[in-house]
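Peer 1: Supplied in structure tokens, the structure appears directly below.
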2 protein chains.
Amino acid sequence: MQPKNAPSGRPKRSFIEEVRRRQIVQSAITTIAARGLAQASLARIADEVGISKSVISYHFAGKDELITEVISTLLAESNRFIKAWVDRVEGGPDKLRAYIEASFAFMAEHRANFAAMIDIWGSFGTVEAKRAFNATAYDPCRRHLAGILRRGQEEGDFREFTPATVAATIQGAIDGVMLQWVFDEESVDLAECAAELVSMFDLATRRLP
Amino acid sequence: MQPKNAPSGRPKRSFIEEVRRRQIVQSAITTIAARGLAQASLARIADEVGISKSVISYHFAGKDELITEVISTLLAESNRFIKAWVDRVEGGPDKLRAYIEASFAFMAEHRANFAAMIDIWGSFGTVEAKRAFNATAYDPCRRHLAGILRRGQEEGDFREFTPATVAATIQGAIDGVMLQWVFDEESVDLAECAAELVSMFDLATRRLP
DNA sequence: CCACTTTTCGACCATACGGCCTAAATTTCG
DNA sequence: CGAAATTTAGGCCGTATGGTCGAAAAGTGG
């Protein structure tokens with residue numbers, strides 16, 4: 001019995017175990033994205049896979065762990081994509097442009113995923129849960145962006161500002177547009193917003209000549 | 001019996017009725033902000049007021065109507081505040097600055113309200129509900145901002161761009177920073193972000209000399 | 001004081017959910 | 001093959017929720 005959690009040490013989870021977990025997580029994402037978190041009961045997710053509810057209980061400590069895994073998966077996917085895109089170019093301004101463009105390119109192809117993420121974010125009961133999640137999963141994102149900005153300043157391409165603050169602002173702008181777009185797809189022209197964001201933040205950060 | 005809904009025509013609701021509704025709505029806001037929407041059952045909200053659960057059922061068609069009313073109240077409050085602030089100054093760039101500063105000033109004083117709003121947003125079950133709400137309640141906000149931008153262009157203070165797109169972007173930036181800040185208060189320096197947003201969007205929109 | 005209406009209460013109900021348990025099926029391995 | 005483990009199924013239970021119902025209370029107008 002109990003695979004549950006491997007509290008410490010090496011991968012206690014078997015290969016099969018990992019596959020099942022991934023399968024369940026994927027189903028959870030699909031279900032949440034399609035019908036909303038409120039309608040995504042364990043029973044429904046299990047149905048989607050074609051398995052019994054208990055299988056989820058067996059492989060995950062509880063719904064919380066499943067949801068946590070869902071979030072991690074979604075964020076990791078997004079971050080990996082953006083990082084790859086950014087790494088393809090050199091120099092602060094180009095990397096900043098790449099970061100923004102990659103963010104929008106990814107979200108354009110994964111609208112359902114972001115819908116799921118927002119649903120889940122909103123469902124965190126306690127303030128502590130939100131903060132904890134934010135710290136562990138969302139910070140790397142901002143840190144990446146802040147790093148780009150700081151290096152760009154050192155290389156003399158950007159004007160003087162606090163990288164962390166501007167990073168929060170840029171990331172906030174991306175997320176904010178994403179939010180609007182997820183809520184009402186047709187109210188936002190994603191491509192145009194991306195282009196506008198690129199040019200605005202270029203104007204806003206570039207060193208004055 | 002049935003006050004329920006006044007489907008059409010004049011204020012069918014009595015004065016007492018309105019007071020009760022407001023009282024319940026305020027309690028709902030408090031409860032949601034403090035303990036999260038998930039923990040804000042009708043029973044708990046009723047407790048907060050010191051009334052029976054049925055009273056809510058009597059004055060509101062259901063929980064949905066109550067929540068809708070909560071959202072409307074929160075947004076109206078915010079919009080009224082921002083509009084007043086913007087109206088105090090003249091000229092596109094100053095109005096834009098006022099809009100951003102007012103947004104941040106208001107959120108700094110009403111963090112709980114925004115926490116409640118995000119919770120509620122995330123809880124909308126269907127995509128249609130999200131879209132409907134977005135259209136009726138959130139659009140005016142962007143429209144206001146777009147109006148400022150367009151008039152600023154006509155007066156020659158702003159460069160050429162699509163007002164709607166830039167409005168979506170600016171509003172998105174504000175909302176995005178707000179989102180981060182609500183999730184983790186200490187990860188964002190609100191005042192600094194506000195100042196940075198003001199200067200960045202000034203650089204980004206002002207007509208090149 | 002007396003009908004009559006509006007408002008409130010407390011109890012109750014049907015439902016949906018997460019989690020648990022036991023037994024069966026399946027896989028693993030000596 | 002056969003025993004031990006891993007994994008799955010399906011039923012069950014406690015709980016919390018939104019909503020309803022009939023009766024009681026509070027208010028209103030004559």
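Scheme for the structure tokens: letters A, B, ... for chains in order shown; per-chain residue numbers from 1; ligand numbers from 1 in order shown.
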Quick check: residues of chain B within 10 Å of chain D, only C-alpha atoms (C1' of nucleotides), returned as a PyMOL selection string.
Peer 2: chain B and resi 41-43+54+57+62-63
Peer 1: Write out as JSON lines a residue-level contact list of chain B versus chain A with cut-off 7 Å: for each qualifying residue the closest pair of atoms and the distance in Å to one decimal, counting only C-alpha atoms, rows sorted by chain and residue number upward.
Peer 2:
```
{"residue": "B:Arg35", "atom": "CA", "partner": "A:Thr126", "partner_atom": "CA", "distance": 6.9}
{"residue": "B:Gly36", "atom": "CA", "partner": "A:Gly125", "partner_atom": "CA", "distance": 5.6}
{"residue": "B:Ala38", "atom": "CA", "partner": "A:Gly125", "partner_atom": "CA", "distance": 6.3}
{"residue": "B:Ile118", "atom": "CA", "partner": "A:Gly122", "partner_atom": "CA", "distance": 6.2}
{"residue": "B:Asp119", "atom": "CA", "partner": "A:Gly122", "partner_atom": "CA", "distance": 4.6}
{"residue": "B:Gly122", "atom": "CA", "partner": "A:Gly122", "partner_atom": "CA", "distance": 4.5}
{"residue": "B:Ser123", "atom": "CA", "partner": "A:Asp119", "partner_atom": "CA", "distance": 6.6}
{"residue": "B:Gly125", "atom": "CA", "partner": "A:Gly36", "partner_atom": "CA", "distance": 5.5}
{"residue": "B:Thr126", "atom": "CA", "partner": "A:Gly36", "partner_atom": "CA", "distance": 6.8}
{"residue": "B:Lys130", "atom": "CA", "partner": "A:Phe183", "partner_atom": "CA", "distance": 5.6}
{"residue": "B:Arg131", "atom": "CA", "partner": "A:Asp184", "partner_atom": "CA", "distance": 5.1}
{"residue": "B:Asn134", "atom": "CA", "partner": "A:Phe183", "partner_atom": "CA", "distance": 6.8}
{"residue": "B:Thr165", "atom": "CA", "partner": "A:Cys193", "partner_atom": "CA", "distance": 5.9}
{"residue": "B:Val166", "atom": "CA", "partner": "A:Glu196", "partner_atom": "CA", "distance": 6.9}
{"residue": "B:Ala168", "atom": "CA", "partner": "A:Val177", "partner_atom": "CA", "distance": 6.7}
{"residue": "B:Thr169", "atom": "CA", "partner": "A:Val177", "partner_atom": "CA", "distance": 6.0}
{"residue": "B:Gly172", "atom": "CA", "partner": "A:Gly176", "partner_atom": "CA", "distance": 3.7}
{"residue": "B:Ala173", "atom": "CA", "partner": "A:Ala173", "partner_atom": "CA", "distance": 3.3}
{"residue": "B:Ile174", "atom": "CA", "partner": "A:Ala173", "partner_atom": "CA", "distance": 6.9}
{"residue": "B:Asp175", "atom": "CA", "partner": "A:Gly176", "partner_atom": "CA", "distance": 5.2}
{"residue": "B:Gly176", "atom": "CA", "partner": "A:Gly172", "partner_atom": "CA", "distance": 3.7}
{"residue": "B:Val177", "atom": "CA", "partner": "A:Gly172", "partner_atom": "CA", "distance": 4.5}
{"residue": "B:Phe183", "atom": "CA", "partner": "A:Lys130", "partner_atom": "CA", "distance": 5.6}
{"residue": "B:Asp184", "atom": "CA", "partner": "A:Arg131", "partner_atom": "CA", "distance": 5.1}
{"residue": "B:Glu192", "atom": "CA", "partner": "A:Thr165", "partner_atom": "CA", "distance": 6.9}
{"residue": "B:Cys193", "atom": "CA", "partner": "A:Thr165", "partner_atom": "CA", "distance": 5.9}
{"residue": "B:Glu196", "atom": "CA", "partner": "A:Val166", "partner_atom": "CA", "distance": 6.9}
{"residue": "B:Leu197", "atom": "CA", "partner": "A:Thr169", "partner_atom": "CA", "distance": 6.9}
{"residue": "B:Met200", "atom": "CA", "partner": "A:Ala204", "partner_atom": "CA", "distance": 4.7}
{"residue": "B:Phe201", "atom": "CA", "partner": "A:Ala204", "partner_atom": "CA", "distance": 7.0}
{"residue": "B:Leu203", "atom": "CA", "partner": "A:Ala204", "partner_atom": "CA", "distance": 5.4}
{"residue": "B:Ala204", "atom": "CA", "partner": "A:Met200", "partner_atom": "CA", "distance": 4.7}
```
Peer 1: Counting only C-alpha atoms (C1' of nucleotides), what is within 9 Å of A:Ala46, bar same-chain residues fewer than 4 positions away, as a ChimeraX atom specification?
Peer 2: /A:24,27-28,41-42,50-56
Peer 1: Export, as a compact mmCIF listing (two decimals), in the first residue's frame, the selected residues with C-alpha atoms.
Peer 2:
```
# COMPACT_ATOMS: atom_id res chain seq x y z
CA ILE A 24 -4.67 11.96 -13.92
CA SER A 27 -7.34 14.79 -17.17
CA ALA A 28 -7.77 17.20 -14.31
CA SER A 41 -15.00 16.82 -8.76
CA LEU A 42 -12.80 13.82 -8.28
CA GLY A 50 -12.25 6.04 -17.29
CA ILE A 51 -11.12 4.92 -13.87
CA SER A 52 -12.60 4.77 -10.43
CA LYS A 53 -12.48 7.67 -8.02
CA SER A 54 -10.42 5.65 -5.59
CA VAL A 55 -7.54 5.46 -8.02
CA ILE A 56 -7.02 9.17 -7.58
```
Peer 1: Identify every residue of chain C that has at least one atom within 8 Å of any atom of chain A, counting only C-alpha atoms (C1' of nucleotides), and report the result as an MDAnalysis selection string.
Peer 2: chainID C and resid 17:19
Peer 1: Which parts of stretch 116-161 of chain B does DSSP call alpha helix (DSSP H) when run on the backbone here, written out as number ranges by chain?
Peer 2: B: 116-123, 127-133, 139-154
Peer 1: For B:Ile148, please output as number ranges by chain all residues within 7 Å (counting only C-alpha atoms (C1' of nucleotides); exclusion window: fewer than 3 positions along the same chain).
Peer 2: B: 92, 95-96, 144-145, 151-152
Peer 1: What is the atom CA of A:Ser103 to atom CA of A:Pro163 distance in Å?
Peer 2: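 Taking atom CA of A:Ser103 and atom CA of A:Pro163, their separation equals 18.7 Å.
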